[in-house]
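**Student:** My structure is below; once you've seen it, I'll send some questions.
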Amino acid sequence: MIADDAADPGLVACDLLGQAEHDPNSGVALICFSVAFARACLAELEAQLAVLPTREVAEMSWRDNGRIYIADNPEEAVSLADDYAPEHLELQVADADFFFGRLRNYGSLFIGEETTVAYGDKCIGTNHILPTSRSARYTGGLWVGKFLKTVTYRRMSRQASLEIGEVTERQCAVERMLAHGLTARKRLEKFA
């Protein structure tokens with residue numbers, strides 16, 4: 001979650017615990033911009049955790065995997081979030097468009113305090129099979145495109161084969177892939 005000082009520490013804490021109660025290994029992180037706000041959120045989190053019926057799991061998750069980062073500026077917050085690459089990312093910030101336009105590594109984004117992850121988990125979609133363990137750095141959530149077979153092809157002219165063949169042969173020699181290099185050499189000889 002990225003939250004600025006205008007966010008409600010009670011909502012921030014509640015939403016962090018909502019993620020922590022999934023399982024003891026859940027990663028939970030808050031990126032904010034001041035020590036005072038971080039402390040306010042942590043105090044709220046501890047107060048809510050004390051009475052949370054699922055505290056056994058949430059407490060373990062927060063203790064072992066909970067993180068609070070204090071960013072110097074919004075750009076650093078984006079960098080921290082993209083490096084963390086969360087399954088779910090909530091934005092509780094005044095300038096949500098700034099973050100929406102720059103963030104790249106998340107499974108699903110929840111914009112504004114009105115849009116809690118729990119809504120996405122239970123009611124509002126989209127698909128909830130999302131990347132975990134920082135895999136949002138290279139993949140997104142499951143969608144129909146994941147089930148489509150993608151094939152590629154190449155077709156070259158003789159002239160193109162001559163131009164590419166020389167480069168390929170040199171590269172193969174550097175890599176000591178000599179049989180690969182021979183396939184290029186044979187074409188250079190044939191098409192010259």
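We label chains A, B, ... in the order they appear in the structure tokens, count residues from 1 in each chain, and number ligands from 1 in the order shown.
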Step one, run DSSP on the backbone; step two, keep only residues of stretch 96-183 of chain A assigned to helix (DSSP H, G or I); then write them as a ChimeraX atom specification.
**Tutor:** /A:96-100,117-122,135-137,144-147,158-175,178-183
**Student:** Suppose we keep N, CA and C atoms; can you now write the selection as a short mmCIF file (atom, residue, chain, number, x, y, z; two decimals), in the first residue's frame?
**Tutor:**
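Saved as selection.cif:
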```
data_model
loop_
_atom_site.label_atom_id
_atom_site.label_comp_id
_atom_site.auth_asym_id
_atom_site.auth_seq_id
_atom_site.Cartn_x
_atom_site.Cartn_y
_atom_site.Cartn_z
N ALA A 96 -3.59 10.23 -6.90
CA ALA A 96 -3.58 8.83 -7.37
C ALA A 96 -3.15 8.72 -8.83
N ASP A 97 -3.47 9.72 -9.64
CA ASP A 97 -3.10 9.67 -11.05
C ASP A 97 -1.59 9.63 -11.25
N PHE A 98 -0.85 10.33 -10.40
CA PHE A 98 0.61 10.29 -10.49
C PHE A 98 1.10 8.85 -10.38
N PHE A 99 0.60 8.15 -9.39
CA PHE A 99 1.04 6.77 -9.15
C PHE A 99 0.49 5.82 -10.22
N PHE A 100 -0.76 6.00 -10.58
CA PHE A 100 -1.38 5.14 -11.59
C PHE A 100 -0.61 5.19 -12.90
N VAL A 117 -8.87 -3.80 -1.03
CA VAL A 117 -8.54 -5.08 -1.65
C VAL A 117 -9.64 -6.11 -1.38
N ALA A 118 -10.27 -6.03 -0.22
CA ALA A 118 -11.33 -6.99 0.11
C ALA A 118 -12.45 -6.96 -0.93
N TYR A 119 -12.74 -5.79 -1.49
CA TYR A 119 -13.76 -5.72 -2.54
C TYR A 119 -13.33 -6.55 -3.75
N GLY A 120 -12.06 -6.44 -4.10
CA GLY A 120 -11.54 -7.23 -5.22
C GLY A 120 -11.50 -8.71 -4.91
N ASP A 121 -11.17 -9.04 -3.66
CA ASP A 121 -11.13 -10.45 -3.26
C ASP A 121 -12.51 -11.10 -3.36
N LYS A 122 -13.54 -10.34 -3.04
CA LYS A 122 -14.85 -10.95 -2.85
C LYS A 122 -15.93 -10.57 -3.85
N SER A 135 6.57 -11.90 -8.21
CA SER A 135 6.52 -12.26 -9.63
C SER A 135 5.78 -11.23 -10.48
N ALA A 136 5.15 -10.25 -9.85
CA ALA A 136 4.52 -9.17 -10.61
C ALA A 136 5.57 -8.32 -11.33
N ARG A 137 6.84 -8.57 -11.05
CA ARG A 137 7.91 -7.88 -11.79
C ARG A 137 7.93 -8.31 -13.24
N VAL A 144 -7.61 -14.44 -20.07
CA VAL A 144 -7.85 -15.35 -21.18
C VAL A 144 -6.63 -15.49 -22.08
N GLY A 145 -5.84 -14.43 -22.24
CA GLY A 145 -4.66 -14.48 -23.08
C GLY A 145 -3.63 -15.51 -22.64
N LYS A 146 -3.63 -15.86 -21.36
CA LYS A 146 -2.69 -16.87 -20.87
C LYS A 146 -3.00 -18.25 -21.44
N PHE A 147 -4.21 -18.44 -21.95
CA PHE A 147 -4.61 -19.73 -22.48
C PHE A 147 -4.50 -19.80 -24.00
N ARG A 158 17.07 -14.09 -49.82
CA ARG A 158 18.48 -14.52 -49.93
C ARG A 158 19.40 -13.37 -49.53
N GLN A 159 19.09 -12.15 -49.94
CA GLN A 159 19.93 -11.00 -49.59
C GLN A 159 19.97 -10.80 -48.07
N ALA A 160 18.83 -10.89 -47.44
CA ALA A 160 18.79 -10.75 -45.98
C ALA A 160 19.59 -11.86 -45.31
N SER A 161 19.50 -13.08 -45.83
CA SER A 161 20.25 -14.20 -45.28
C SER A 161 21.75 -13.94 -45.37
N LEU A 162 22.19 -13.34 -46.46
CA LEU A 162 23.61 -12.99 -46.60
C LEU A 162 24.05 -11.97 -45.54
N GLU A 163 23.24 -10.97 -45.34
CA GLU A 163 23.60 -9.92 -44.38
C GLU A 163 23.57 -10.44 -42.94
N ILE A 164 22.55 -11.17 -42.61
CA ILE A 164 22.41 -11.71 -41.25
C ILE A 164 23.37 -12.87 -41.03
N GLY A 165 23.66 -13.63 -42.07
CA GLY A 165 24.54 -14.80 -41.95
C GLY A 165 25.92 -14.44 -41.45
N GLU A 166 26.48 -13.33 -41.93
CA GLU A 166 27.81 -12.92 -41.49
C GLU A 166 27.82 -12.60 -39.99
N VAL A 167 26.83 -11.86 -39.55
CA VAL A 167 26.73 -11.50 -38.13
C VAL A 167 26.53 -12.76 -37.29
N THR A 168 25.65 -13.63 -37.74
CA THR A 168 25.36 -14.85 -37.00
C THR A 168 26.60 -15.72 -36.89
N GLU A 169 27.33 -15.86 -37.98
CA GLU A 169 28.53 -16.70 -37.96
C GLU A 169 29.55 -16.16 -36.95
N ARG A 170 29.75 -14.85 -36.93
CA ARG A 170 30.69 -14.25 -35.96
C ARG A 170 30.22 -14.47 -34.53
N GLN A 171 28.93 -14.27 -34.29
CA GLN A 171 28.40 -14.46 -32.94
C GLN A 171 28.55 -15.90 -32.49
N CYS A 172 28.30 -16.83 -33.40
CA CYS A 172 28.43 -18.26 -33.06
C CYS A 172 29.88 -18.62 -32.74
N ALA A 173 30.83 -18.02 -33.44
CA ALA A 173 32.25 -18.28 -33.16
C ALA A 173 32.62 -17.79 -31.77
N VAL A 174 32.14 -16.61 -31.40
CA VAL A 174 32.41 -16.06 -30.07
C VAL A 174 31.84 -16.98 -28.99
N GLU A 175 30.65 -17.50 -29.23
CA GLU A 175 29.98 -18.36 -28.25
C GLU A 175 30.41 -19.82 -28.33
N LEU A 178 29.74 -23.88 -32.80
CA LEU A 178 30.30 -24.03 -34.14
C LEU A 178 29.33 -24.63 -35.14
N ALA A 179 28.50 -25.56 -34.73
CA ALA A 179 27.52 -26.12 -35.67
C ALA A 179 26.50 -25.07 -36.06
N HIS A 180 26.11 -24.21 -35.12
CA HIS A 180 25.23 -23.10 -35.46
C HIS A 180 25.90 -22.21 -36.51
N GLY A 181 27.16 -21.91 -36.27
CA GLY A 181 27.90 -21.07 -37.21
C GLY A 181 27.98 -21.68 -38.59
N LEU A 182 28.10 -23.01 -38.66
CA LEU A 182 28.16 -23.69 -39.96
C LEU A 182 26.86 -23.52 -40.74
N THR A 183 25.73 -23.47 -40.04
CA THR A 183 24.47 -23.30 -40.76
C THR A 183 24.44 -21.93 -41.44
#
```
**Student:** Could you pull out the strand (DSSP E) residues of stretch 76-111 of chain A, going by DSSP on the backbone, and write them as a list in words?
**Tutor:** His88, Leu89, Glu90, Leu91, Gln92, Ser108, Leu109, Phe110 and Ile111 of chain A
**Student:** Based on the selection just made, write N, CA and C atoms of those residues as a PDB file, in the first residue's frame.
**Tutor:**
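Result saved to out_26.pdb:
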```pdb
ATOM      1  N   HIS A  88      -1.331  -7.374  -4.505  1.00  0.00           N
ATOM      2  CA  HIS A  88      -2.335  -6.310  -4.455  1.00  0.00           C
ATOM      3  C   HIS A  88      -1.618  -5.025  -4.071  1.00  0.00           C
ATOM      4  N   LEU A  89      -2.028  -3.922  -4.661  1.00  0.00           N
ATOM      5  CA  LEU A  89      -1.444  -2.637  -4.296  1.00  0.00           C
ATOM      6  C   LEU A  89      -2.568  -1.622  -4.156  1.00  0.00           C
ATOM      7  N   GLU A  90      -2.686  -1.072  -2.962  1.00  0.00           N
ATOM      8  CA  GLU A  90      -3.674  -0.028  -2.704  1.00  0.00           C
ATOM      9  C   GLU A  90      -2.999   1.325  -2.750  1.00  0.00           C
ATOM     10  N   LEU A  91      -3.705   2.302  -3.304  1.00  0.00           N
ATOM     11  CA  LEU A  91      -3.265   3.690  -3.298  1.00  0.00           C
ATOM     12  C   LEU A  91      -4.223   4.501  -2.446  1.00  0.00           C
ATOM     13  N   GLN A  92      -3.731   5.022  -1.342  1.00  0.00           N
ATOM     14  CA  GLN A  92      -4.511   5.941  -0.523  1.00  0.00           C
ATOM     15  C   GLN A  92      -3.714   7.245  -0.469  1.00  0.00           C
ATOM     16  N   SER A 108      -2.743  -6.474  -9.005  1.00  0.00           N
ATOM     17  CA  SER A 108      -3.980  -5.735  -9.168  1.00  0.00           C
ATOM     18  C   SER A 108      -3.892  -4.460  -8.341  1.00  0.00           C
ATOM     19  N   LEU A 109      -4.362  -3.351  -8.907  1.00  0.00           N
ATOM     20  CA  LEU A 109      -4.255  -2.040  -8.276  1.00  0.00           C
ATOM     21  C   LEU A 109      -5.626  -1.581  -7.783  1.00  0.00           C
ATOM     22  N   PHE A 110      -5.662  -1.053  -6.571  1.00  0.00           N
ATOM     23  CA  PHE A 110      -6.883  -0.565  -5.937  1.00  0.00           C
ATOM     24  C   PHE A 110      -6.672   0.916  -5.631  1.00  0.00           C
ATOM     25  N   ILE A 111      -7.439   1.767  -6.295  1.00  0.00           N
ATOM     26  CA  ILE A 111      -7.178   3.201  -6.280  1.00  0.00           C
ATOM     27  C   ILE A 111      -8.178   3.920  -5.384  1.00  0.00           C
TER      28      ILE A 111
END
```
**Student:** Please report the interatomic distance between atom CA of A:Ala184 and atom CA of A:Thr150 in Å with one decimal.
**Tutor:**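 Taking atom CA of A:Ala184 as the start and atom CA of A:Thr150 as the end point, the length is 26.8 Å.
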**Student:** Pick out the closest residue to A:Ile70 from this set: A:Ala50, A:Ala85, A:Ile2, A:Leu45. Count only C-alpha atoms.
**Tutor:** A:Ile2
**Student:** Atom CA of A:Thr132 to atom CA of A:Cys32: how many Å, to one decimal?
**Tutor:**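 Between these atoms lies a distance of 21.8 Å.
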**Student:** Hey, what's within 12 Å of A:Asp83 if we count only C-alpha atoms and toss same-chain stuff fewer than 2 positions away? As a PyMOL selection string, please?
**Tutor:** chain A and resi 29+31+76-81+85-86+103-106+133-138
**Student:** Tell me, in Å to one decimal, how far atom CA of A:Asp8 is from atom CA of A:Glu44.
**Tutor:**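 It comes out at 10.0 Å.
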**Student:** Residues near stretch 46-49 of chain A, anyone? I mean within 8 Å using only C-alpha atoms, not counting same-chain ones fewer than 3 positions away, as a list in words.
**Tutor:**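 Returned residues: Ala13, Cys14, Leu17, Leu42, Ala43, Leu52, Arg55, Ala58 and Glu59 of chain A.
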**Student:** For A:Ala94, which residue among A:Glu113, A:Asp15, A:Glu21, A:Glu189 is the nearest when counting only C-alpha atoms?
**Tutor:**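 That would be A:Glu113, the residue with the smallest distance to A:Ala94.
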